[in-house]
Amino acid sequence: MVAAPARNTEDLPFPRTIGYWALAANGAKGGGTKYLTLQYLNFARWTAQQHSCNLPQAIKIMARNYVFHADGRFTPLGFFKMWWPYVTLMNETVHWGMKVPLAMCLYDKSREVGLGQHSGLFVGVALSSAGEVVATGWSERFGVHMGLRQLSSYKESLRLSQEARGNIVAAAYAGAGGLWLRNFAWNFAFFEWKRFFHNAVEETPAGAPSWFCWHLDWLRTLDKKDQANFLTFEAATLGTYLTFFNMAGDNIKTKMQHDPARYPNFRDTCLEIWGKHGLLGFARGGLFKGIYLILGATVAIGIQERLSEIMAALMHR
């Protein structure tokens, strides 16, 4: 068996020997699984952001709209309306398929022109997040608009957005600014924490507190694939709850996508949220978003890592 090459500690900790396309294919499988298993949490996030409400109120709204009929009858199959529209499956598949390999590729390019490991990651992730918006911004808009309004026609959804925003590109990409802010804030924080944790497992940082040393020792007892999944969970948790702009961007884009007439642009949306709810308004839906994103990232990237590690191991036999 040929030993796998040692990892450069400045690299992002994903198997690169299998190539970007294989990473993308494995990420797409993870993204599709995330949609199938966790879409109800995604819908709960949208609901809380649409109404700028807390968790109990969001649950009540969802139950009233989807689980109980207008006459009070219990309709459990209404729960599955939260998976509509099905374009969200494509959105999640493409989004999580491109997230890691595109960020890795653009980070490598940034390093080649002389940027450092942190500045290079900042620039690379800013560009890769823009790529995510171009590729999936339109399908994200359909998902939010048609899902929350339970519209049955893609054509009708686009027409309503176009009437509010004037042209078809602006209509298709309503909320794109908020989407980029969300993706960039989370991606940058996630990749920084992910790299830090992997490097810490390989070599304990100088001056690390005793509880962190104990945690690293425990992580070293795990199988490599289990270890990588656990570190993804930890990085996703910190990347989600410690980045205000991730929460704010997601809130802004959901409001703009759900009601393009009321929220015609990024600036006016920010001003209305601030005027009615203050700073806390930008974090509405944060609990649902956090649970959804942490579990979703662990599922999507976890599947990507496991499949990619298996492929890399086979290549080095």
# chains A, B, ... in the order shown; residues from 1 in each chain; ligands from 1
call {"tool": "residues_around", "arguments": {"residues": "stretch 137-150 of chain A", "least_positions_apart": "5", "cutoff": "7 Å", "atoms": "only C-alpha atoms", "output": "JSON, numbers by chain"}}
result
{"A": [82, 84, 85, 87, 88, 91, 157, 172, 173, 174, 176, 254, 257, 258]}
call {"tool": "residues_around", "arguments": {"residues": "stretch 223-236 of chain A", "least_positions_apart": "2", "cutoff": "8 Å", "atoms": "only C-alpha atoms", "output": "tab-separated table (two decimals) with N, CA and C atoms, in the first residue's frame"}}
result
chain	number	residue	atom	x	y	z
A	189	ALA	N	-16.12	31.41	7.96
A	189	ALA	CA	-15.99	30.97	9.35
A	189	ALA	C	-15.84	29.45	9.43
A	190	PHE	N	-16.66	28.73	8.65
A	190	PHE	CA	-16.60	27.27	8.68
A	190	PHE	C	-15.24	26.74	8.25
A	191	PHE	N	-14.73	27.23	7.13
A	191	PHE	CA	-13.45	26.71	6.63
A	191	PHE	C	-12.29	27.07	7.57
A	193	TRP	N	-12.50	27.48	10.91
A	193	TRP	CA	-12.61	26.60	12.07
A	193	TRP	C	-12.27	25.16	11.72
A	194	LYS	N	-12.72	24.72	10.57
A	194	LYS	CA	-12.44	23.34	10.14
A	194	LYS	C	-10.94	23.10	10.02
A	197	PHE	N	-9.28	23.14	13.57
A	197	PHE	CA	-9.52	21.93	14.36
A	197	PHE	C	-8.70	20.75	13.84
A	198	HIS	N	-8.62	20.59	12.53
A	198	HIS	CA	-7.83	19.49	11.98
A	198	HIS	C	-6.35	19.66	12.33
A	219	LEU	N	-10.60	13.05	20.50
A	219	LEU	CA	-10.79	13.03	19.05
A	219	LEU	C	-9.77	12.11	18.37
A	220	ARG	N	-8.56	12.05	18.89
A	220	ARG	CA	-7.52	11.22	18.29
A	220	ARG	C	-7.79	9.74	18.44
A	221	THR	N	-8.72	9.38	19.33
A	221	THR	CA	-9.07	7.97	19.49
A	221	THR	C	-10.08	7.51	18.45
A	238	LEU	N	-19.80	26.49	15.32
A	238	LEU	CA	-19.17	27.78	15.56
A	238	LEU	C	-19.36	28.73	14.38
A	239	GLY	N	-19.31	28.20	13.17
A	239	GLY	CA	-19.51	29.03	11.99
A	239	GLY	C	-20.91	29.58	11.89
A	240	THR	N	-21.87	28.89	12.50
A	240	THR	CA	-23.27	29.32	12.45
A	240	THR	C	-23.59	30.32	13.55
A	293	LEU	N	-28.75	24.18	9.75
A	293	LEU	CA	-27.47	24.30	9.06
A	293	LEU	C	-26.41	23.39	9.67
A	294	ILE	N	-26.41	23.28	10.99
A	294	ILE	CA	-25.42	22.41	11.65
A	294	ILE	C	-25.66	20.95	11.26
A	295	LEU	N	-26.91	20.52	11.40
A	295	LEU	CA	-27.22	19.13	11.02
A	295	LEU	C	-27.03	18.93	9.52
A	297	ALA	N	-25.07	20.60	7.38
A	297	ALA	CA	-23.66	20.58	7.00
A	297	ALA	C	-23.00	19.28	7.42
A	298	THR	N	-23.37	18.80	8.61
A	298	THR	CA	-22.80	17.54	9.09
A	298	THR	C	-23.20	16.39	8.18
A	301	ILE	N	-21.65	17.52	4.19
A	301	ILE	CA	-20.19	17.45	4.11
A	301	ILE	C	-19.68	16.15	4.70
A	302	GLY	N	-20.42	15.61	5.69
A	302	GLY	CA	-20.02	14.31	6.25
A	302	GLY	C	-20.06	13.21	5.20
A	305	GLU	N	-17.18	13.84	2.80
A	305	GLU	CA	-15.88	13.45	3.36
A	305	GLU	C	-15.72	11.94	3.38
A	306	ARG	N	-16.76	11.23	3.81
A	306	ARG	CA	-16.65	9.77	3.92
A	306	ARG	C	-16.43	9.13	2.55
A	309	GLU	N	-12.92	10.11	1.26
A	309	GLU	CA	-11.84	9.40	1.96
A	309	GLU	C	-11.74	7.96	1.47
call {"tool": "residues_around", "arguments": {"residues": "A:Phe79", "least_positions_apart": "5", "cutoff": "9 Å", "atoms": "only C-alpha atoms", "output": "list in words"}}
result
Tyr40, Met62, Ala63, Tyr66 and Val67 of chain A
call {"tool": "closest_residue", "arguments": {"among": "A:Asp71, A:Glu132, A:Glu272, A:Glu10", "to": "A:Pro101", "atoms": "only C-alpha atoms"}}
result
A:Glu132
call {"tool": "closest_residue", "arguments": {"among": "A:Tyr86, A:Gly286, A:Asn246, A:Ala24", "to": "A:Tyr154", "atoms": "only C-alpha atoms"}}
result
A:Tyr86
call {"tool": "atom_distance", "arguments": {"atom1": "atom CA of A:Lys99", "atom2": "atom CA of A:Ser128"}}
result
7.4 Å
call {"tool": "select_by_dssp", "arguments": {"residues": "stretch 25-139 of chain A", "states": "alpha helix (DSSP H)", "output": "number ranges by chain"}}
result
A: 25-51, 55-62, 87-112, 117-139
call {"tool": "residues_around", "arguments": {"residues": "A:Gln49", "least_positions_apart": "3", "cutoff": "9 Å", "atoms": "only C-alpha atoms", "output": "VMD selection string"}}
result
chain A and resid 44 to 46 52 to 54 58 250 to 252 254 to 255 281 to 286
call {"tool": "write_last_selection", "arguments": {"atoms": "C-alpha atoms", "output": "PDB file, in the first residue's frame"}}
result
ATOM      1  CA  ALA A  44     -39.294  26.344   9.892  1.00  0.00           C
ATOM      2  CA  ARG A  45     -36.397  28.766   9.409  1.00  0.00           C
ATOM      3  CA  TRP A  46     -38.158  30.452   6.479  1.00  0.00           C
ATOM      4  CA  SER A  52     -39.904  37.823  12.375  1.00  0.00           C
ATOM      5  CA  CYS A  53     -41.103  35.580  15.188  1.00  0.00           C
ATOM      6  CA  ASN A  54     -39.638  33.214  17.757  1.00  0.00           C
ATOM      7  CA  ALA A  58     -43.176  29.665  14.086  1.00  0.00           C
ATOM      8  CA  ASP A 250     -30.215  34.801   5.604  1.00  0.00           C
ATOM      9  CA  ASN A 251     -33.006  36.829   7.190  1.00  0.00           C
ATOM     10  CA  ILE A 252     -32.735  39.604   4.585  1.00  0.00           C
ATOM     11  CA  THR A 254     -35.742  35.248   2.894  1.00  0.00           C
ATOM     12  CA  LYS A 255     -37.858  38.386   3.309  1.00  0.00           C
ATOM     13  CA  GLY A 281     -34.745  41.226  14.062  1.00  0.00           C
ATOM     14  CA  PHE A 282     -31.761  40.273  11.922  1.00  0.00           C
ATOM     15  CA  ALA A 283     -31.330  37.079  13.949  1.00  0.00           C
ATOM     16  CA  ARG A 284     -34.964  35.919  13.850  1.00  0.00           C
ATOM     17  CA  GLY A 285     -35.178  32.279  12.836  1.00  0.00           C
ATOM     18  CA  GLY A 286     -31.616  31.829  14.076  1.00  0.00           C
TER      19      GLY A 286
END
call {"tool": "closest_residue", "arguments": {"among": "A:Gly177, A:Pro76, A:Gly97, A:Gly124", "to": "A:Ser110", "atoms": "only C-alpha atoms"}}
result
A:Gly124
call {"tool": "atom_distance", "arguments": {"atom1": "atom CA of A:Gly249", "atom2": "atom CA of A:Leu23"}}
result
27.0 Å
call {"tool": "atom_distance", "arguments": {"atom1": "atom CA of A:Pro209", "atom2": "atom CA of A:Asp11"}}
result
25.1 Å
call {"tool": "closest_residue", "arguments": {"among": "A:Gln117, A:Ser210, A:Phe288, A:Asp217", "to": "A:Phe196", "atoms": "only C-alpha atoms"}}
result
A:Gln117
call {"tool": "closest_residue", "arguments": {"among": "A:Arg262, A:Phe245, A:Gln304, A:Asp268", "to": "A:Asn26", "atoms": "only C-alpha atoms"}}
result
A:Gln304
call {"tool": "residues_around", "arguments": {"residues": "A:Gly31", "least_positions_apart": "5", "cutoff": "7 Å", "atoms": "only C-alpha atoms", "output": "ChimeraX atom specification"}}
result
/A:92-93,96-97,300
call {"tool": "write_last_selection", "arguments": {"atoms": "N, CA, C and O atoms", "output": "compact mmCIF listing (two decimals), in the first residue's frame"}}
result
# COMPACT_ATOMS: atom_id res chain seq x y z
N GLU A 92 -30.20 22.31 -3.34
CA GLU A 92 -29.32 21.75 -2.31
C GLU A 92 -28.23 20.88 -2.93
O GLU A 92 -27.08 20.88 -2.47
N THR A 93 -28.59 20.13 -3.97
CA THR A 93 -27.61 19.25 -4.61
C THR A 93 -26.48 20.05 -5.25
O THR A 93 -25.29 19.75 -5.05
N TRP A 96 -24.37 22.25 -2.35
CA TRP A 96 -23.41 21.51 -1.54
C TRP A 96 -22.42 20.73 -2.39
O TRP A 96 -21.35 20.35 -1.91
N GLY A 97 -22.76 20.52 -3.65
CA GLY A 97 -21.80 19.91 -4.54
C GLY A 97 -20.64 20.84 -4.87
O GLY A 97 -19.48 20.42 -4.94
N ALA A 300 -24.37 16.71 4.84
CA ALA A 300 -23.90 16.92 3.47
C ALA A 300 -22.38 16.78 3.35
O ALA A 300 -21.87 16.01 2.53
call {"tool": "closest_residue", "arguments": {"among": "A:Val113, A:Val125, A:Ala103, A:Leu41", "to": "A:Phe184", "atoms": "only C-alpha atoms"}}
result
A:Val125
call {"tool": "residues_around", "arguments": {"residues": "A:Arg165", "least_positions_apart": "2", "cutoff": "12 Å", "atoms": "only C-alpha atoms", "output": "number ranges by chain"}}
result
A: 158-163, 167-175, 256-257, 259-265
